[in-house]
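Structure below is model_21.cif: mmCIF, C-alpha atoms.
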data_upload
loop_
_atom_site.label_atom_id
_atom_site.label_comp_id
_atom_site.auth_asym_id
_atom_site.auth_seq_id
_atom_site.Cartn_x
_atom_site.Cartn_y
_atom_site.Cartn_z
CA MET A 1410 1.48 -8.42 -5.26
CA TYR A 1411 -0.28 -5.39 -6.71
CA THR A 1412 0.67 -3.11 -9.55
CA THR A 1413 -0.91 0.12 -10.73
CA GLY A 1414 -0.44 2.02 -13.92
CA ARG A 1415 -2.48 1.10 -16.94
CA VAL A 1416 -4.64 -1.22 -14.85
CA ILE A 1417 -8.34 -0.35 -14.96
CA ALA A 1418 -9.58 -2.36 -11.98
CA VAL A 1419 -7.99 -2.91 -8.58
CA LYS A 1420 -9.22 -5.81 -6.44
CA GLY A 1421 -8.63 -6.77 -2.84
CA TYR A 1422 -9.18 -4.71 0.28
CA HIS A 1423 -10.23 -1.79 -1.87
CA THR A 1424 -13.40 -1.95 -3.89
CA LYS A 1425 -13.19 -2.35 -7.64
CA TRP A 1426 -12.93 1.06 -9.25
CA GLN A 1427 -12.60 2.41 -12.76
CA ALA A 1428 -11.54 5.77 -14.12
CA PRO A 1429 -12.13 7.33 -17.52
CA GLU A 1430 -9.22 6.84 -19.92
CA GLU A 1431 -8.39 10.56 -19.98
CA HIS A 1432 -7.85 10.60 -16.20
CA ARG A 1433 -5.40 7.71 -16.09
CA GLU A 1434 -2.46 9.80 -17.25
CA SER A 1435 -2.91 12.53 -14.64
CA ALA A 1436 -0.39 12.87 -11.82
CA GLU A 1437 -3.20 12.71 -9.26
CA TYR A 1438 -4.46 9.39 -10.66
CA ILE A 1439 -0.97 7.88 -10.70
CA GLU A 1440 -0.29 9.07 -7.13
CA ALA A 1441 -3.62 7.72 -5.87
CA GLY A 1442 -2.88 4.38 -7.52
CA ALA A 1443 0.51 4.25 -5.80
CA ARG A 1444 -1.06 4.94 -2.39
CA ILE A 1445 -3.71 2.26 -2.96
CA THR A 1446 -1.07 -0.24 -4.12
CA LEU A 1447 1.06 0.33 -1.04
CA GLY A 1448 -1.95 0.27 1.27
CA GLN A 1449 -3.06 -3.05 -0.19
CA ALA A 1450 0.40 -4.55 0.33
CA VAL A 1451 0.42 -3.44 3.98
CA TYR A 1452 -3.10 -4.78 4.53
CA ASP A 1453 -2.29 -8.13 2.90
CA ARG A 1454 0.86 -8.63 4.97
CA ARG A 1455 -0.80 -7.52 8.21
CA THR A 1456 -3.73 -9.89 7.76
CA ALA A 1457 -1.41 -12.74 6.72
CA LEU A 1458 0.39 -12.24 10.04
CA GLY A 1459 -2.95 -12.18 11.85
CA ILE A 1460 -2.34 -8.87 13.61
CA SER A 1461 -4.66 -5.92 14.11
CA GLN A 1462 -4.11 -2.38 12.92
CA THR A 1463 -3.55 -1.43 16.55
CA GLU A 1464 -0.82 -4.05 16.96
CA LEU A 1465 0.86 -3.00 13.71
CA ALA A 1466 0.74 0.63 14.87
CA ARG A 1467 2.35 -0.32 18.20
CA ARG A 1468 5.11 -2.25 16.43
CA ALA A 1469 5.74 0.58 13.94
CA GLY A 1470 5.65 3.37 16.52
CA THR A 1471 2.63 5.14 15.07
CA THR A 1472 -1.13 5.25 15.62
CA GLN A 1473 -3.94 2.97 14.48
CA THR A 1474 -5.40 5.96 12.61
CA VAL A 1475 -2.23 6.28 10.51
CA ILE A 1476 -2.33 2.55 9.68
CA SER A 1477 -6.01 2.77 8.75
CA ARG A 1478 -5.42 5.78 6.51
CA LEU A 1479 -2.36 4.12 4.95
CA GLU A 1480 -4.25 0.90 4.19
CA GLY A 1481 -7.11 2.95 2.76
CA GLY A 1482 -4.80 4.83 0.39
CA ALA A 1483 -5.45 8.18 2.07
CA VAL A 1484 -1.89 8.95 3.14
CA THR A 1485 1.52 8.94 1.48
CA PRO A 1486 3.99 7.40 3.94
CA THR A 1487 7.41 8.81 4.67
CA LEU A 1488 10.56 6.74 4.13
CA PRO A 1489 11.13 6.39 7.90
CA LEU A 1490 7.58 5.00 8.27
CA LEU A 1491 8.19 2.55 5.43
CA HIS A 1492 11.33 1.33 7.22
CA ARG A 1493 9.42 0.87 10.47
CA LEU A 1494 6.57 -0.92 8.68
CA ALA A 1495 8.97 -3.39 7.08
CA GLY A 1496 10.31 -4.30 10.51
CA ALA A 1497 6.87 -4.34 12.11
CA LEU A 1498 5.57 -6.62 9.36
CA GLU A 1499 8.51 -8.99 9.84
CA GLY A 1500 9.77 -8.73 6.29
CA GLU A 1501 11.02 -6.55 3.55
CA LEU A 1502 9.06 -4.18 1.37
CA ASN A 1503 9.81 -4.35 -2.33
CA LEU A 1504 8.85 -1.18 -4.23
CA LYS A 1505 9.23 -0.52 -7.92
CA ILE A 1506 8.20 2.94 -9.02
CA THR A 1507 8.21 4.25 -12.58
CA GLY A 1508 6.78 7.44 -14.02
CA THR A 1509 3.38 5.80 -14.51
CA SER A 1510 3.19 2.79 -12.22
CA THR A 1511 3.94 1.44 -8.76
CA HIS A 1512 4.51 -2.14 -7.64
CA ALA A 1513 4.58 -2.98 -3.92
CA GLU A 1514 4.85 -6.29 -2.11
CA PHE A 1515 6.01 -7.94 1.07
CA PRO A 1516 7.40 -11.22 -0.31
CA LEU A 1517 6.51 -14.37 1.59
CA ALA A 1518 9.33 -15.79 3.65
CA SER A 1519 10.93 -18.84 2.08
#

Would you mind giving the structure from this file in structure tokens?
Amino acid sequence: MYTTGRVIAVKGYHTKWQAPEEHRESAEYIEAGARITLGQAVYDRRTALGISQTELARRAGTTQTVISRLEGGAVTPTLPLLHRLAGALEGELNLKITGTSTHAEFPLAS
């Protein structure tokens, strides 16, 4: 589970990064944090399932390049892609978005 917003450091697939305080309120910073949060959730679920980016792309009806860019936080996915990813990752995607933060996770099956 990953959350952005007033968090200074992000750990996981992405390297640890920090931004000056004055940048953290900008729309660009918040949007980048949301993309990184979602990308990390996709990466975590994909690796937990033990599948490659290529296999996830096949299951989701897209390309490996799209998956790579999504996991790297370089692309904002469409709602149809999010639906396909949830199915391809054999679960549900929980998103909570506020004006300044994003929370994304694929809960573990019980």

Residues near stretch 1481-1487 of chain A, anyone? I mean within 12 Å using all atoms listed in the file, not counting same-chain ones fewer than 6 positions away, as a VMD selection string. chain A and resid 1421 to 1424 1438 1440 to 1452 1462 1471 1474 to 1475 1493 to 1494

Could you please determine the separation between atom CA of A:Leu1517 and atom CA of A:Thr1472 in Å, to one decimal place? 25.3 Å

So how far away is atom CA of A:Ala1436 from atom CA of A:Pro1516, in Å?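 Between these atoms lies a distance of 27.8 Å.
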
Exercise on stretch 1436-1451 of chain A, axis-aligned box with 5 Å per side, report centre and edge lengths in Å to one decimal, as AutoDock Vina command-line options:
--center_x -1.7 --center_y 4.2 --center_z -3.9 --size_x 15.5 --size_y 27.4 --size_z 25.8

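Those residues that approach A:Gly1500 to within 8 Å, counting all atoms listed in the file, are A:Ala1495, A:Gly1496, A:Ala1497, A:Phe1515, A:Pro1516, A:Ala1518; same-chain residues fewer than 3 positions away are not listed.
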
Selected residue of minimal separation from A:Glu1480 among A:Lys1505, A:Asp1453, A:Ile1439, A:Gly1459, counting all atoms listed in the file: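 Going through A:Lys1505, A:Asp1453, A:Ile1439, A:Gly1459 one by one, the smallest distance to A:Glu1480 is for A:Asp1453.
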
Figure out the distance between atom CA of A:Leu1498 and atom CA of A:Arg1454, please, to one decimal in Å. 6.7 Å

From the coordinates I just gave you, please extract stretch 1439-1475 of chain A so that only N, CA and C atoms remain, then output it as a CSV table (one decimal), in the first residue's frame.
chain,number,residue,atom,x,y,z
A,1439,ILE,N,1.7,16.8,-7.3
A,1439,ILE,CA,0.7,15.9,-6.9
A,1439,ILE,C,0.3,14.9,-7.9
A,1440,GLU,N,0.3,15.3,-9.2
A,1440,GLU,CA,0.0,14.4,-10.3
A,1440,GLU,C,1.1,13.4,-10.4
A,1441,ALA,N,2.4,13.8,-10.4
A,1441,ALA,CA,3.5,12.9,-10.4
A,1441,ALA,C,3.5,11.9,-9.3
A,1442,GLY,N,3.1,12.3,-8.1
A,1442,GLY,CA,3.0,11.4,-7.0
A,1442,GLY,C,1.9,10.4,-7.2
A,1443,ALA,N,0.8,10.8,-7.8
A,1443,ALA,CA,-0.3,9.9,-8.0
A,1443,ALA,C,0.1,8.8,-9.1
A,1444,ARG,N,0.9,9.2,-10.1
A,1444,ARG,CA,1.3,8.2,-11.1
A,1444,ARG,C,2.3,7.3,-10.5
A,1445,ILE,N,3.2,7.8,-9.7
A,1445,ILE,CA,4.2,6.9,-9.0
A,1445,ILE,C,3.5,5.9,-8.0
A,1446,THR,N,2.5,6.4,-7.3
A,1446,THR,CA,1.8,5.6,-6.4
A,1446,THR,C,1.1,4.4,-7.1
A,1447,LEU,N,0.4,4.8,-8.2
A,1447,LEU,CA,-0.3,3.7,-9.0
A,1447,LEU,C,0.7,2.8,-9.6
A,1448,GLY,N,1.8,3.3,-10.2
A,1448,GLY,CA,2.8,2.4,-10.8
A,1448,GLY,C,3.4,1.5,-9.8
A,1449,GLN,N,3.6,1.9,-8.6
A,1449,GLN,CA,4.2,1.1,-7.5
A,1449,GLN,C,3.2,0.0,-7.2
A,1450,ALA,N,1.9,0.3,-7.1
A,1450,ALA,CA,0.9,-0.7,-6.8
A,1450,ALA,C,0.8,-1.8,-7.9
A,1451,VAL,N,0.9,-1.4,-9.1
A,1451,VAL,CA,0.9,-2.3,-10.2
A,1451,VAL,C,2.1,-3.2,-10.2
A,1452,TYR,N,3.3,-2.6,-10.0
A,1452,TYR,CA,4.5,-3.4,-9.9
A,1452,TYR,C,4.5,-4.4,-8.8
A,1453,ASP,N,4.1,-3.9,-7.6
A,1453,ASP,CA,4.0,-4.8,-6.4
A,1453,ASP,C,3.1,-6.0,-6.7
A,1454,ARG,N,1.9,-5.8,-7.3
A,1454,ARG,CA,1.0,-6.9,-7.5
A,1454,ARG,C,1.5,-7.8,-8.6
A,1455,ARG,N,2.1,-7.2,-9.7
A,1455,ARG,CA,2.7,-8.1,-10.7
A,1455,ARG,C,3.8,-9.0,-10.2
A,1456,THR,N,4.7,-8.4,-9.4
A,1456,THR,CA,5.8,-9.2,-8.9
A,1456,THR,C,5.3,-10.2,-7.9
A,1457,ALA,N,4.3,-9.9,-7.1
A,1457,ALA,CA,3.7,-10.9,-6.2
A,1457,ALA,C,3.1,-12.1,-6.9
A,1458,LEU,N,2.6,-11.8,-8.1
A,1458,LEU,CA,2.0,-12.9,-8.9
A,1458,LEU,C,3.1,-13.6,-9.7
A,1459,GLY,N,4.3,-13.1,-9.7
A,1459,GLY,CA,5.4,-13.7,-10.4
A,1459,GLY,C,5.3,-13.7,-12.0
A,1460,ILE,N,4.6,-12.6,-12.5
A,1460,ILE,CA,4.5,-12.5,-13.9
A,1460,ILE,C,5.4,-11.3,-14.5
A,1461,SER,N,5.7,-11.4,-15.7
A,1461,SER,CA,6.5,-10.4,-16.4
A,1461,SER,C,5.7,-9.3,-16.8
A,1462,GLN,N,6.3,-8.2,-17.2
A,1462,GLN,CA,5.6,-7.1,-17.8
A,1462,GLN,C,5.0,-7.5,-19.1
A,1463,THR,N,5.6,-8.3,-19.8
A,1463,THR,CA,5.1,-8.8,-21.1
A,1463,THR,C,3.8,-9.6,-20.9
A,1464,GLU,N,3.8,-10.5,-19.9
A,1464,GLU,CA,2.6,-11.3,-19.6
A,1464,GLU,C,1.5,-10.4,-19.1
A,1465,LEU,N,1.8,-9.4,-18.2
A,1465,LEU,CA,0.8,-8.5,-17.8
A,1465,LEU,C,0.2,-7.8,-19.0
A,1466,ALA,N,1.0,-7.3,-19.9
A,1466,ALA,CA,0.6,-6.6,-21.1
A,1466,ALA,C,-0.4,-7.5,-21.9
A,1467,ARG,N,0.0,-8.7,-22.1
A,1467,ARG,CA,-0.8,-9.7,-22.9
A,1467,ARG,C,-2.2,-9.8,-22.2
A,1468,ARG,N,-2.2,-10.0,-20.9
A,1468,ARG,CA,-3.4,-10.2,-20.1
A,1468,ARG,C,-4.3,-8.9,-20.2
A,1469,ALA,N,-3.7,-7.7,-20.2
A,1469,ALA,CA,-4.4,-6.5,-20.1
A,1469,ALA,C,-4.7,-5.9,-21.5
A,1470,GLY,N,-4.3,-6.6,-22.6
A,1470,GLY,CA,-4.5,-6.1,-23.9
A,1470,GLY,C,-3.8,-4.8,-24.3
A,1471,THR,N,-2.5,-4.7,-23.8
A,1471,THR,CA,-1.7,-3.6,-24.1
A,1471,THR,C,-0.3,-4.0,-24.5
A,1472,THR,N,0.6,-3.1,-24.4
A,1472,THR,CA,2.0,-3.5,-24.8
A,1472,THR,C,2.9,-3.5,-23.5
A,1473,GLN,N,4.0,-4.1,-23.6
A,1473,GLN,CA,5.0,-4.1,-22.5
A,1473,GLN,C,5.5,-2.7,-22.3
A,1474,THR,N,5.6,-1.9,-23.3
A,1474,THR,CA,6.1,-0.5,-23.2
A,1474,THR,C,5.1,0.3,-22.3
A,1475,VAL,N,3.8,0.1,-22.5
A,1475,VAL,CA,2.8,0.8,-21.7
A,1475,VAL,C,3.0,0.4,-20.2
